[in-house]
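Coordinates from model_8.txt are shown below (compact mmCIF, C-alpha atoms).
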# COMPACT_ATOMS: atom_id res chain seq x y z
CA MET A 1146 13.71 -1.28 -160.79
CA MET A 1147 12.02 -4.68 -161.11
CA LYS A 1148 13.44 -7.35 -158.79
CA PRO A 1149 14.75 -10.60 -160.35
CA ARG A 1150 11.95 -12.62 -158.77
CA GLN A 1151 9.30 -10.22 -160.08
CA HIS A 1152 10.92 -10.34 -163.51
CA LEU A 1153 10.76 -14.15 -163.43
CA HIS A 1154 7.10 -14.04 -162.43
CA HIS A 1155 6.26 -11.76 -165.35
CA LEU A 1156 8.26 -13.92 -167.74
CA LEU A 1157 6.47 -17.12 -166.64
CA LEU A 1158 3.11 -15.41 -166.91
CA LEU A 1159 3.95 -14.28 -170.43
CA ILE A 1160 4.99 -17.83 -171.42
CA PHE A 1161 1.86 -19.34 -169.91
CA SER A 1162 -0.36 -16.82 -171.70
CA ALA A 1163 1.40 -17.53 -174.98
CA VAL A 1164 0.77 -21.27 -174.57
CA LEU A 1165 -2.92 -20.69 -173.95
CA LEU A 1166 -3.12 -18.33 -176.94
CA PHE A 1167 -1.41 -20.90 -179.19
CA GLN A 1168 -3.83 -23.62 -178.09
CA THR A 1169 -6.91 -21.54 -178.92
CA SER A 1170 -5.78 -19.34 -181.81
CA ASN A 1171 -6.59 -21.88 -184.51
CA ALA A 1172 -10.07 -22.74 -183.22
CA HIS A 1173 -13.13 -21.38 -184.98
CA ASN A 1174 -16.67 -22.56 -185.51
CA ILE A 1175 -18.43 -21.13 -188.56
CA THR A 1176 -21.86 -22.22 -187.29
CA ARG A 1177 -21.46 -20.28 -184.06
CA LEU A 1178 -20.02 -17.25 -185.81
CA LEU A 1179 -22.97 -17.05 -188.22
CA ALA A 1180 -25.54 -17.80 -185.50
CA LYS A 1181 -25.01 -14.25 -184.20
CA HIS A 1182 -26.36 -12.87 -187.49
CA PRO A 1183 -30.04 -13.77 -188.15
CA SER A 1184 -29.89 -12.30 -191.67
CA LEU A 1185 -27.45 -15.11 -192.59
CA SER A 1186 -29.44 -17.96 -191.01
CA THR A 1187 -30.36 -19.69 -194.29
CA PHE A 1188 -26.74 -19.65 -195.46
CA ASN A 1189 -25.69 -21.03 -192.08
CA HIS A 1190 -28.30 -23.79 -192.28
CA TYR A 1191 -27.13 -25.00 -195.67
CA LEU A 1192 -23.46 -24.97 -194.69
CA THR A 1193 -24.46 -27.55 -192.09
CA LEU A 1194 -26.81 -29.49 -194.37
CA THR A 1195 -24.18 -29.84 -197.11
CA HIS A 1196 -21.50 -30.79 -194.53
CA LEU A 1197 -19.35 -27.83 -195.55
CA ALA A 1198 -19.31 -26.42 -192.00
CA PRO A 1199 -17.01 -29.15 -190.58
CA GLU A 1200 -14.66 -28.71 -193.54
CA ILE A 1201 -14.49 -24.96 -192.91
CA ASN A 1202 -13.82 -25.55 -189.22
CA ARG A 1203 -10.90 -27.87 -189.99
CA ARG A 1204 -9.12 -25.31 -192.14
CA THR A 1205 -7.13 -22.25 -191.18
CA THR A 1206 -6.49 -19.11 -193.22
CA ILE A 1207 -9.90 -19.09 -194.86
CA THR A 1208 -12.55 -16.62 -196.04
CA VAL A 1209 -16.28 -17.33 -196.24
CA LEU A 1210 -18.33 -15.23 -198.69
CA ALA A 1211 -21.66 -15.24 -196.88
CA LEU A 1212 -25.05 -14.68 -198.54
CA ASP A 1213 -27.98 -13.11 -196.73
CA ASN A 1214 -31.40 -14.75 -196.64
CA ALA A 1215 -32.66 -12.87 -199.71
CA ALA A 1216 -29.66 -13.95 -201.81
CA MET A 1217 -30.07 -17.53 -200.61
CA SER A 1218 -33.76 -17.47 -201.57
CA SER A 1219 -32.82 -16.49 -205.13
CA LEU A 1220 -30.28 -19.31 -205.23
CA LEU A 1221 -32.68 -21.92 -203.82
CA ALA A 1222 -35.40 -20.85 -206.29
CA ARG A 1223 -33.41 -22.71 -208.98
CA ASN A 1224 -34.10 -25.95 -207.06
CA PRO A 1225 -30.53 -27.31 -207.06
CA SER A 1226 -29.98 -30.74 -205.55
CA ILE A 1227 -28.18 -30.79 -202.22
CA PHE A 1228 -25.07 -32.11 -204.00
CA THR A 1229 -25.12 -29.29 -206.56
CA LEU A 1230 -25.77 -26.76 -203.80
CA LYS A 1231 -22.67 -28.01 -202.01
CA ASN A 1232 -20.59 -27.26 -205.10
CA ILE A 1233 -22.09 -23.77 -205.38
CA LEU A 1234 -21.50 -22.92 -201.73
CA SER A 1235 -17.99 -24.39 -201.76
CA LEU A 1236 -17.18 -21.80 -204.46
CA HIS A 1237 -17.93 -19.20 -201.77
CA VAL A 1238 -15.18 -20.47 -199.45
CA LEU A 1239 -11.78 -18.96 -200.31
CA LEU A 1240 -8.62 -20.75 -199.22
CA ASP A 1241 -6.95 -17.51 -198.15
CA TYR A 1242 -7.62 -14.73 -195.65
CA PHE A 1243 -9.35 -11.57 -196.88
CA GLY A 1244 -10.48 -9.18 -194.18
CA ALA A 1245 -12.13 -5.86 -195.02
CA ARG A 1246 -8.81 -4.03 -194.80
CA LYS A 1247 -6.99 -6.49 -197.06
CA LEU A 1248 -9.74 -6.27 -199.69
CA HIS A 1249 -8.97 -2.57 -200.11
CA GLN A 1250 -5.22 -3.14 -200.20
CA ILE A 1251 -5.00 -5.79 -202.92
CA ARG A 1252 -1.76 -5.40 -204.82
CA ASP A 1253 -2.37 -4.18 -208.39
CA GLY A 1254 -6.08 -4.07 -207.51
CA THR A 1255 -6.81 -7.70 -208.45
CA ALA A 1256 -6.28 -11.08 -206.76
CA LEU A 1257 -7.13 -14.64 -207.77
CA ALA A 1258 -8.16 -16.93 -204.91
CA ALA A 1259 -8.52 -20.72 -204.89
CA THR A 1260 -11.73 -22.04 -203.35
CA MET A 1261 -12.92 -25.15 -201.57
CA PHE A 1262 -14.66 -26.10 -204.84
CA GLN A 1263 -11.30 -26.10 -206.60
CA ALA A 1264 -9.81 -28.23 -203.79
CA THR A 1265 -12.37 -31.00 -204.39
CA GLY A 1266 -10.63 -31.96 -207.62
CA VAL A 1267 -13.86 -31.89 -209.65
CA ALA A 1268 -13.50 -28.29 -210.86
CA PRO A 1269 -11.73 -28.35 -214.25
CA GLY A 1270 -9.31 -25.64 -215.34
CA VAL A 1271 -9.83 -22.31 -213.58
CA SER A 1272 -13.49 -22.93 -212.67
CA GLY A 1273 -12.64 -23.25 -208.99
CA PHE A 1274 -10.98 -19.84 -208.69
CA VAL A 1275 -12.55 -16.48 -207.78
CA ASN A 1276 -11.38 -13.09 -209.07
CA ILE A 1277 -11.39 -10.28 -206.50
CA THR A 1278 -10.98 -6.70 -207.78
CA ASP A 1279 -10.75 -3.49 -205.78
CA PHE A 1280 -12.45 -0.85 -207.93
CA LYS A 1281 -12.02 2.90 -207.59
CA GLY A 1282 -14.32 4.43 -205.03
CA GLY A 1283 -13.93 1.59 -202.53
CA LYS A 1284 -16.16 -0.96 -204.27
CA VAL A 1285 -14.84 -4.56 -204.30
CA GLY A 1286 -16.18 -7.02 -206.88
CA PHE A 1287 -16.14 -10.83 -206.92
CA GLY A 1288 -16.59 -13.23 -209.82
CA PRO A 1289 -15.69 -16.84 -210.72
CA GLU A 1290 -12.73 -16.99 -213.09
CA ASP A 1291 -14.85 -19.02 -215.57
CA ASN A 1292 -17.53 -16.29 -215.71
CA GLY A 1293 -16.08 -14.35 -218.64
CA GLY A 1294 -14.51 -11.71 -216.41
CA ASN A 1295 -17.87 -10.50 -215.04
CA LEU A 1296 -17.61 -9.21 -211.47
CA ASP A 1297 -21.23 -8.62 -210.56
CA SER A 1298 -21.25 -9.60 -206.88
CA PHE A 1299 -19.95 -6.96 -204.48
CA PHE A 1300 -18.58 -6.63 -200.95
CA VAL A 1301 -21.33 -5.58 -198.53
CA LYS A 1302 -19.71 -5.70 -195.09
CA SER A 1303 -17.39 -7.59 -192.80
CA VAL A 1304 -19.33 -10.01 -190.61
CA GLU A 1305 -16.66 -11.65 -188.44
CA GLU A 1306 -12.86 -11.51 -188.55
CA LEU A 1307 -10.33 -13.58 -186.60
CA PRO A 1308 -7.02 -12.48 -188.19
CA TYR A 1309 -5.45 -14.35 -189.89
CA ASN A 1310 -7.51 -17.43 -189.27
CA ILE A 1311 -11.01 -16.89 -190.63
CA SER A 1312 -12.84 -13.97 -192.20
CA VAL A 1313 -16.58 -13.95 -192.89
CA ILE A 1314 -17.66 -11.22 -195.29
CA GLN A 1315 -21.08 -10.67 -196.86
CA ILE A 1316 -21.39 -10.30 -200.64
CA SER A 1317 -24.40 -9.03 -202.53
CA LYS A 1318 -25.38 -12.20 -204.45
CA ALA A 1319 -24.30 -15.74 -205.24
CA LEU A 1320 -21.31 -16.22 -207.55
CA PRO A 1321 -22.52 -17.63 -210.90
CA SER A 1322 -20.65 -20.65 -212.30
CA ALA A 1323 -21.95 -23.06 -214.94
CA ILE A 1324 -19.55 -25.74 -213.68
CA ALA A 1325 -20.55 -25.47 -210.03
CA GLU A 1326 -24.26 -25.25 -210.92
CA ALA A 1327 -24.20 -28.32 -213.19
CA PRO A 1328 -26.43 -31.18 -211.95
CA THR A 1329 -24.39 -33.37 -209.61
CA PRO A 1330 -25.32 -37.05 -209.27
CA GLY A 1331 -26.15 -38.45 -205.86
CA PRO A 1332 -23.81 -40.99 -204.28
CA SER A 1333 -25.81 -44.02 -205.45
CA GLU A 1334 -25.57 -42.74 -209.04
CA LEU A 1335 -21.80 -42.38 -208.96
CA ASN A 1336 -19.83 -44.74 -211.16
CA ILE A 1337 -16.81 -45.11 -208.90
CA THR A 1338 -15.08 -47.66 -211.15
CA GLY A 1339 -15.66 -45.39 -214.14
CA ILE A 1340 -14.01 -42.50 -212.29
CA MET A 1341 -11.04 -44.70 -211.39
CA SER A 1342 -10.72 -46.09 -214.92
CA ALA A 1343 -10.67 -42.63 -216.46
CA HIS A 1344 -7.90 -41.38 -214.18
CA GLY A 1345 -5.13 -43.96 -214.16
CA CYS A 1346 -6.61 -46.77 -212.04
CA LYS A 1347 -8.24 -48.87 -214.78
CA VAL A 1348 -6.49 -52.13 -213.84
CA PHE A 1349 -7.66 -51.90 -210.23
CA ALA A 1350 -11.18 -50.86 -211.33
CA ASP A 1351 -11.44 -53.78 -213.79
CA THR A 1352 -10.23 -56.21 -211.11
CA LEU A 1353 -12.82 -54.85 -208.69
CA LEU A 1354 -15.60 -55.16 -211.29
CA ALA A 1355 -14.60 -58.79 -211.89
CA ASN A 1356 -15.13 -59.59 -208.20
CA PRO A 1357 -18.89 -59.33 -207.42
CA GLU A 1358 -18.39 -59.88 -203.70
CA ALA A 1359 -15.94 -57.01 -203.25
CA MET A 1360 -17.81 -54.76 -205.71
CA GLY A 1361 -21.03 -55.34 -203.76
CA THR A 1362 -19.33 -54.25 -200.55
CA TYR A 1363 -18.20 -50.98 -202.16
CA GLU A 1364 -21.69 -50.30 -203.54
CA ASP A 1365 -23.30 -50.98 -200.15
CA ASN A 1366 -21.16 -48.27 -198.56
CA VAL A 1367 -21.46 -45.47 -201.13
CA ASN A 1368 -24.46 -43.74 -199.56
CA GLY A 1369 -23.24 -43.99 -195.98
CA GLY A 1370 -19.68 -42.86 -196.69
CA LEU A 1371 -16.77 -44.31 -198.64
CA THR A 1372 -13.10 -43.48 -199.18
CA VAL A 1373 -11.14 -45.40 -201.82
CA PHE A 1374 -7.37 -45.57 -202.27
CA CYS A 1375 -6.79 -46.95 -205.76
CA PRO A 1376 -3.32 -48.06 -206.91
CA LEU A 1377 -2.18 -46.63 -210.22
CA ASP A 1378 -2.10 -48.91 -213.26
CA GLU A 1379 1.60 -49.73 -213.49
CA PRO A 1380 2.14 -50.90 -209.90
CA PHE A 1381 -1.14 -52.82 -209.80
CA LYS A 1382 -0.44 -54.50 -213.13
CA ALA A 1383 2.93 -55.67 -211.77
CA PHE A 1384 1.16 -57.00 -208.66
CA LEU A 1385 -1.46 -59.06 -210.53
CA PRO A 1386 0.51 -62.37 -210.44
CA LYS A 1387 0.47 -62.26 -206.62
CA TYR A 1388 -3.23 -61.35 -206.62
CA LYS A 1389 -4.11 -64.26 -208.92
CA ASN A 1390 -2.47 -66.70 -206.49
CA LEU A 1391 -4.88 -65.72 -203.70
CA THR A 1392 -7.95 -67.82 -202.93
CA ALA A 1393 -11.39 -66.42 -203.81
CA SER A 1394 -12.14 -65.23 -200.26
CA LYS A 1395 -8.72 -63.63 -199.95
CA LYS A 1396 -9.14 -61.84 -203.27
CA ALA A 1397 -12.34 -60.24 -202.00
CA SER A 1398 -10.72 -59.22 -198.70
CA PHE A 1399 -7.70 -57.82 -200.53
CA LEU A 1400 -9.82 -55.63 -202.82
CA GLU A 1401 -12.00 -54.46 -199.91
CA PHE A 1402 -8.82 -53.48 -198.06
CA PHE A 1403 -8.52 -50.42 -200.35
CA GLY A 1404 -11.85 -48.97 -199.19
CA VAL A 1405 -12.72 -47.25 -195.90
CA PRO A 1406 -16.40 -47.21 -194.80
CA VAL A 1407 -16.42 -43.47 -193.96
CA TYR A 1408 -15.85 -40.29 -195.91
CA GLN A 1409 -12.34 -38.87 -195.40
CA SER A 1410 -11.41 -35.62 -197.10
CA LEU A 1411 -7.72 -34.93 -197.66
CA SER A 1412 -7.70 -32.38 -194.84
CA MET A 1413 -9.23 -35.00 -192.54
CA LEU A 1414 -6.53 -37.50 -193.48
CA LYS A 1415 -3.88 -34.89 -192.73
CA SER A 1416 -5.29 -34.10 -189.30
CA ASN A 1417 -6.59 -37.51 -188.14
CA ASN A 1418 -3.44 -39.59 -188.30
CA GLY A 1419 -3.58 -43.09 -186.83
CA ILE A 1420 -5.00 -46.55 -187.39
CA MET A 1421 -7.89 -46.84 -189.85
CA ASN A 1422 -10.13 -49.83 -190.42
CA THR A 1423 -11.25 -50.85 -193.92
CA LEU A 1424 -14.14 -52.56 -195.69
CA ALA A 1425 -12.29 -55.84 -195.10
CA THR A 1426 -12.19 -55.34 -191.32
CA ASP A 1427 -14.41 -57.93 -189.65
CA GLY A 1428 -13.90 -59.34 -186.18
CA ALA A 1429 -10.58 -61.17 -185.94
CA SER A 1430 -9.62 -59.97 -189.42
CA LYS A 1431 -8.22 -56.51 -188.67
CA PHE A 1432 -7.17 -55.49 -192.19
CA ASP A 1433 -6.20 -52.00 -191.05
CA PHE A 1434 -3.47 -49.54 -191.94
CA THR A 1435 -1.91 -46.45 -190.39
CA VAL A 1436 -2.37 -42.97 -191.84
CA GLN A 1437 0.56 -40.59 -191.33
CA ASN A 1438 1.50 -37.26 -192.83
CA GLU A 1439 4.58 -35.11 -193.08
CA GLY A 1440 3.71 -31.65 -194.27
CA GLU A 1441 1.47 -32.02 -197.31
CA GLU A 1442 2.45 -35.65 -197.96
CA VAL A 1443 0.07 -38.35 -196.69
CA THR A 1444 1.17 -41.98 -196.44
CA LEU A 1445 -0.59 -45.27 -195.64
CA LYS A 1446 1.43 -47.91 -193.80
CA THR A 1447 1.12 -51.60 -192.97
CA ARG A 1448 3.71 -53.99 -191.54
CA ILE A 1449 4.57 -54.91 -195.12
CA ASN A 1450 4.97 -51.60 -196.95
CA THR A 1451 4.22 -47.89 -197.19
CA VAL A 1452 2.42 -46.07 -200.01
CA LYS A 1453 1.86 -42.39 -200.76
CA ILE A 1454 -1.31 -40.60 -201.82
CA THR A 1455 -0.49 -39.02 -205.18
CA GLY A 1456 -3.76 -37.43 -206.31
CA THR A 1457 -7.46 -36.78 -205.71
CA LEU A 1458 -9.94 -38.18 -208.23
CA LEU A 1459 -13.09 -37.27 -206.29
CA ASP A 1460 -13.79 -35.46 -203.03
CA GLU A 1461 -17.52 -34.98 -202.77
CA GLN A 1462 -19.05 -36.06 -199.49
CA PRO A 1463 -19.93 -38.86 -198.90
CA VAL A 1464 -17.37 -40.27 -201.39
CA ALA A 1465 -13.64 -39.60 -201.80
CA ILE A 1466 -11.28 -41.40 -204.20
CA TYR A 1467 -7.50 -40.99 -204.10
CA THR A 1468 -4.65 -42.50 -206.13
CA ILE A 1469 -1.69 -44.19 -204.43
CA ASP A 1470 1.74 -44.85 -205.92
CA LYS A 1471 2.05 -48.53 -204.91
CA VAL A 1472 -0.08 -51.51 -203.93
CA LEU A 1473 -0.69 -51.42 -200.16
CA MET A 1474 -0.25 -54.96 -198.79
CA PRO A 1475 -2.18 -56.14 -195.69
CA LYS A 1476 -0.23 -58.16 -193.13
CA GLU A 1477 -3.14 -60.62 -192.93
CA LEU A 1478 -2.32 -61.87 -196.44
CA PHE A 1479 1.39 -61.33 -196.96
CA LYS A 1480 4.56 -62.08 -195.04
CA ALA A 1481 6.63 -59.23 -193.72
CA SER A 1482 9.60 -60.74 -195.52
CA ALA A 1483 7.89 -60.07 -198.86
CA LEU A 1484 9.28 -56.55 -198.69
CA SER A 1485 11.64 -54.73 -196.36
CA PRO A 1486 9.76 -51.69 -195.08
CA ALA A 1487 11.26 -49.16 -192.74
CA PRO A 1488 10.21 -49.64 -189.08
CA ALA A 1489 6.93 -47.86 -188.47
CA THR A 1490 6.67 -45.51 -185.52
CA ALA A 1491 3.63 -45.66 -183.30
CA PRO A 1492 1.28 -42.71 -183.95
CA GLU A 1493 0.80 -40.31 -181.10
CA GLU A 1494 -2.95 -40.23 -181.55
CA ALA A 1495 -5.06 -42.75 -183.38
CA ALA A 1496 -7.63 -41.64 -185.93
CA ASP A 1497 -11.25 -42.66 -185.69
CA ALA A 1498 -11.24 -46.35 -186.53
CA PRO A 1499 -14.58 -47.15 -188.11
CA LYS A 1500 -15.75 -50.71 -188.22
CA GLY A 1501 -16.18 -52.37 -191.56
CA SER A 1502 -19.67 -52.20 -192.99
CA LYS A 1503 -22.00 -54.98 -191.90
CA SER A 1504 -24.35 -54.34 -194.82
CA LYS A 1505 -22.22 -56.20 -197.30
CA SER A 1506 -23.45 -58.03 -200.36
CA LYS A 1507 -25.61 -61.09 -199.83
CA SER A 1508 -22.90 -63.39 -201.03
CA LYS A 1509 -20.78 -62.42 -198.02
CA SER A 1510 -21.55 -64.11 -194.71
CA LYS A 1511 -22.29 -61.92 -191.70
CA THR A 1512 -19.21 -63.10 -189.85
CA LYS A 1513 -16.09 -63.27 -191.95
CA ALA A 1514 -13.53 -65.74 -190.67
CA ALA A 1515 -9.88 -64.82 -190.61
CA PRO A 1516 -8.13 -66.05 -193.76
CA THR A 1517 -6.38 -69.37 -193.37
CA PRO A 1518 -3.05 -70.26 -194.96
CA ASP A 1519 -3.18 -71.94 -198.34
CA SER A 1520 -0.43 -73.56 -200.28
CA ASP A 1521 -1.27 -71.48 -203.34
CA SER A 1522 -1.17 -68.25 -201.38
CA PRO A 1523 1.92 -66.08 -201.74
CA ALA A 1524 2.19 -65.79 -197.98
CA GLU A 1525 0.72 -67.12 -194.79
CA SER A 1526 -1.59 -65.12 -192.61
CA PRO A 1527 -0.26 -64.59 -189.08
CA ASP A 1528 -2.46 -66.05 -186.35
CA GLU A 1529 -1.95 -63.21 -183.86
CA ASP A 1530 -0.43 -59.76 -183.79
CA SER A 1531 3.26 -59.87 -183.00
CA ALA A 1532 4.45 -58.87 -179.54
CA ASP A 1533 6.19 -55.78 -180.80
CA GLN A 1534 2.90 -54.47 -182.24
CA VAL A 1535 1.30 -54.72 -178.79
CA ALA A 1536 4.33 -53.06 -177.26
CA ASP A 1537 4.20 -50.27 -179.82
CA ASP A 1538 0.52 -49.63 -179.15
CA GLU A 1539 1.03 -49.59 -175.38
CA SER A 1540 4.07 -47.34 -175.68
CA ALA A 1541 2.15 -44.90 -177.88
CA ALA A 1542 -0.73 -44.78 -175.41
CA MET A 1543 1.63 -44.30 -172.44
CA TYR A 1544 3.59 -41.64 -174.29
CA PHE A 1545 0.48 -39.68 -175.25
CA GLY A 1546 -1.00 -39.98 -171.74
CA ALA A 1547 2.27 -38.99 -170.10
CA GLY A 1548 2.58 -35.99 -172.39
CA ARG A 1549 -0.88 -34.72 -171.48
CA PHE A 1550 -0.27 -35.33 -167.76
CA THR A 1551 3.05 -33.49 -167.88
CA ALA A 1552 1.45 -30.53 -169.67
CA VAL A 1553 -1.31 -30.27 -167.05
CA VAL A 1554 1.14 -30.53 -164.11
CA LEU A 1555 3.45 -27.94 -165.67
CA SER A 1556 0.57 -25.53 -166.22
CA LEU A 1557 -0.64 -25.90 -162.60
CA PHE A 1558 2.90 -25.45 -161.32
CA LEU A 1559 3.34 -22.24 -163.31
CA VAL A 1560 0.05 -20.82 -162.04
CA PHE A 1561 0.91 -21.71 -158.43
CA PHE A 1562 4.41 -20.31 -158.78
CA ILE A 1563 3.15 -17.04 -160.25
CA LEU A 1564 0.55 -16.62 -157.53
Can you dump the structure from the file as structure tokens?
Amino acid sequence: MMKPRQHLHHLLLLIFSAVLLFQTSNAHNITRLLAKHPSLSTFNHYLTLTHLAPEINRRTTITVLALDNAAMSSLLARNPSIFTLKNILSLHVLLDYFGARKLHQIRDGTALAATMFQATGVAPGVSGFVNITDFKGGKVGFGPEDNGGNLDSFFVKSVEELPYNISVIQISKALPSAIAEAPTPGPSELNITGIMSAHGCKVFADTLLANPEAMGTYEDNVNGGLTVFCPLDEPFKAFLPKYKNLTASKKASFLEFFGVPVYQSLSMLKSNNGIMNTLATDGASKFDFTVQNEGEEVTLKTRINTVKITGTLLDEQPVAIYTIDKVLMPKELFKASALSPAPATAPEEAADAPKGSKSKSKSKSKTKAAPTPDSDSPAESPDEDSADQVADDESAAMYFGAGRFTAVVLSLFLVFFIL
């Protein structure tokens, strides 16, 4: 019979092993997985070149339909641009787990899977879905839902499986889709204001177009990476009287505040919570906000108010455009008394905080001074951050550091105790 002390040792060992398993179970690296298979080297190369690899690594419960070098050669022979190729390959990334065993156990023989192409928001209707059918005799066919029901690409073999995290399976040829294969404009050719105007953000887009300084800043950042949070028409229209009372320099800063000088997919925003700088950030002028999420809901917070991301208009690296339900108000331009927001909690871990672009339009000076109070402004700009902001930041840092230290000490204690 096992002694109580021995039982405790085994129990602690089991708990410790479970903690280590939990910490590593969600980690995968598609580049490393494919590197073990030379016949898939071209596919692996283009996942990296199109920046799809990092997106795959950030997701869990995913299936990659890999193409061997011969299939990739046939695809590349069409000379697609790198942006079109990204759309095509993103159609080969299913947002569900399908291992070899599951493929042959599909209920009713057919399943419809959403893809990373569908998640970008640029795939209309059902064009971002893939039909998977288990035929008699063990053959499994794949075909885009917008391909007229043709399933002419077939399961070849399982390449790598980490149930139920990621599955890499080889299929016989690329999935054909007229939508995914359509010529895709490069970032510099994108009409970002046109996209916003056509999807409920026309008032914000027109206001941005009417401000050459702010518009120039957006255009200067398109190629290097840009994320835009555009307020919907009704809330922005109601806000226009306040905007019109701002000085010219403050109007430009306010409009730039809705752009971030890096590409942020929705999955990145969900995982990289914390403080984020904007196109208006410059030296003493912080113009930042805090990204937080609860489940699938992502919010942006300042000291003045909180807004929610309500939709995706474009998610094609290096540009992402999202709609927000209210006008996000920077504390540099508006008094906290303008609204009564709920107290913001300090994030446990700050997101990457990129600096604002220094390659702004020529009309903007290299060093932007902090806005000064004006009598015609709806609110005064605070000179310094309030003491409670500093306290919040320090508390968050101490809390995060203490948590990590405690975890390490506890782990060492458990190991020592078991031994």
Please measure the separation of CA of Asn1232 in chain A and CA of Leu1445 in chain A, giving the value in Å to one decimal.
->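 Between CA of Asn1232 in chain A and CA of Leu1445 in chain A the gap works out to 28.5 Å.
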Atomic separation - CA of Asn1422 in chain A relative to CA of Thr1435 in chain A, Å =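 Separation between CA of Thr1435 in chain A and CA of Asn1422 in chain A: 8.9 Å.
When all atoms listed in the file are used to compute distances to Glu1379 in chain A, the closest of the residues A:Phe1399, A:Phe1432, A:Phe1188, A:Phe1349 turns out to be A:Phe1349.
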Would you kindly return, as a list in words, each protein, DNA or RNA residue with an atom no farther than 7 Å from any atom of Val1238 in chain A, considering all atoms listed in the file and excluding same-chain residues fewer than 2 positions away?
-> Thr1208, Val1209, Leu1210, Ser1235, Leu1236, Leu1240, Thr1260 and Met1261 of chain A
So which residues touch Lys1453 in chain A within 12 Å, counting all atoms listed in the file, skipping near sequence neighbours fewer than 6 positions away, as a PyMOL selection string?
-> chain A and resi 1374-1377+1435-1439+1441-1446+1467-1473
Find the residue from A:Ile1251, A:Ala1268, A:Leu1424, A:Ala1325 that sits nearest to Tyr1363 in chain A; use only C-alpha atoms when measuring.
->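 Residue with the minimum atom-to-atom distance to Tyr1363 in chain A: A:Leu1424.
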Give as a list in words the set of residues within 12 Å of the point (-7.8, -3.8, -190.9), where distances use the file's coordinates and all atoms listed in the file.
-> Tyr1242, Phe1243, Gly1244, Ala1245, Arg1246, Lys1247, Leu1248, His1249, Gln1250, Ser1303, Glu1306, Leu1307, Pro1308, Tyr1309 and Ser1312 of chain A
Those residues with C-alpha atoms, as an mmCIF file, keeping the file's coordinate frame please?
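Output file result.cif is given in full below:
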data_model
loop_
_atom_site.group_PDB
_atom_site.id
_atom_site.type_symbol
_atom_site.label_atom_id
_atom_site.label_comp_id
_atom_site.auth_asym_id
_atom_site.auth_seq_id
_atom_site.Cartn_x
_atom_site.Cartn_y
_atom_site.Cartn_z
ATOM 1 C CA TYR A 1242 -7.620 -14.730 -195.650
ATOM 2 C CA PHE A 1243 -9.350 -11.570 -196.880
ATOM 3 C CA GLY A 1244 -10.480 -9.180 -194.180
ATOM 4 C CA ALA A 1245 -12.130 -5.860 -195.020
ATOM 5 C CA ARG A 1246 -8.810 -4.030 -194.800
ATOM 6 C CA LYS A 1247 -6.990 -6.490 -197.060
ATOM 7 C CA LEU A 1248 -9.740 -6.270 -199.690
ATOM 8 C CA HIS A 1249 -8.970 -2.570 -200.110
ATOM 9 C CA GLN A 1250 -5.220 -3.140 -200.200
ATOM 10 C CA SER A 1303 -17.390 -7.590 -192.800
ATOM 11 C CA GLU A 1306 -12.860 -11.510 -188.550
ATOM 12 C CA LEU A 1307 -10.330 -13.580 -186.600
ATOM 13 C CA PRO A 1308 -7.020 -12.480 -188.190
ATOM 14 C CA TYR A 1309 -5.450 -14.350 -189.890
ATOM 15 C CA SER A 1312 -12.840 -13.970 -192.200
#
Which is closer to Ser1226 in chain A than all the others in A:Pro1199, A:Gly1273, A:Pro1463, A:Pro1328, using all atoms listed in the file?
-> A:Pro1328
Residue nearest Ala1327 in chain A - candidates A:Thr1229, A:Thr1455, A:Thr1372, A:Thr1278, atoms counted: all atoms listed in the file | A:Thr1229
Around all listed atoms of range 1284-1294 of chain A, padded 4 Å per side, what centre and edge lengths does the axis-aligned box have in Å to one decimal, as JSON?
{"center_x": -15.1, "center_y": -10.0, "center_z": -211.5, "size_x": 12.8, "size_y": 26.1, "size_z": 22.4}
Skip Lys1318 in chain A itself and residues of its chain fewer than 5 positions away, then list as a PDB file with C-alpha atoms, keeping the file's coordinate frame all residues within 10 Å of it, counting only C-alpha atoms.
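Final file, out20.pdb:
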ATOM      1  CA  LEU A1210     -18.330 -15.230-198.690  1.00  0.00           C
ATOM      2  CA  ALA A1211     -21.660 -15.240-196.880  1.00  0.00           C
ATOM      3  CA  LEU A1212     -25.050 -14.680-198.540  1.00  0.00           C
ATOM      4  CA  ASP A1213     -27.980 -13.110-196.730  1.00  0.00           C
ATOM      5  CA  ALA A1215     -32.660 -12.870-199.710  1.00  0.00           C
ATOM      6  CA  ALA A1216     -29.660 -13.950-201.810  1.00  0.00           C
ATOM      7  CA  MET A1217     -30.070 -17.530-200.610  1.00  0.00           C
ATOM      8  CA  SER A1219     -32.820 -16.490-205.130  1.00  0.00           C
ATOM      9  CA  LEU A1220     -30.280 -19.310-205.230  1.00  0.00           C
ATOM     10  CA  PHE A1287     -16.140 -10.830-206.920  1.00  0.00           C
ATOM     11  CA  ASP A1297     -21.230  -8.620-210.560  1.00  0.00           C
ATOM     12  CA  SER A1298     -21.250  -9.600-206.880  1.00  0.00           C
ATOM     13  CA  PHE A1299     -19.950  -6.960-204.480  1.00  0.00           C
ATOM     14  CA  PHE A1300     -18.580  -6.630-200.950  1.00  0.00           C
ATOM     15  CA  VAL A1301     -21.330  -5.580-198.530  1.00  0.00           C
TER      16      VAL A1301
END
Using all atoms listed in the file: which of A:Ile1466, A:Ala1359, A:Asn1189, A:Thr1352 has the shortest distance to Lys1389 in chain A = A:Thr1352
Do a neighbour search on Gly1293 in chain A at 12 Å with all atoms listed in the file, toss out local chain neighbours closer than 3 positions, and write the hits as a PyMOL selection string.
-> chain A and resi 1271-1272+1275-1276+1288-1290+1296-1297+1321-1323
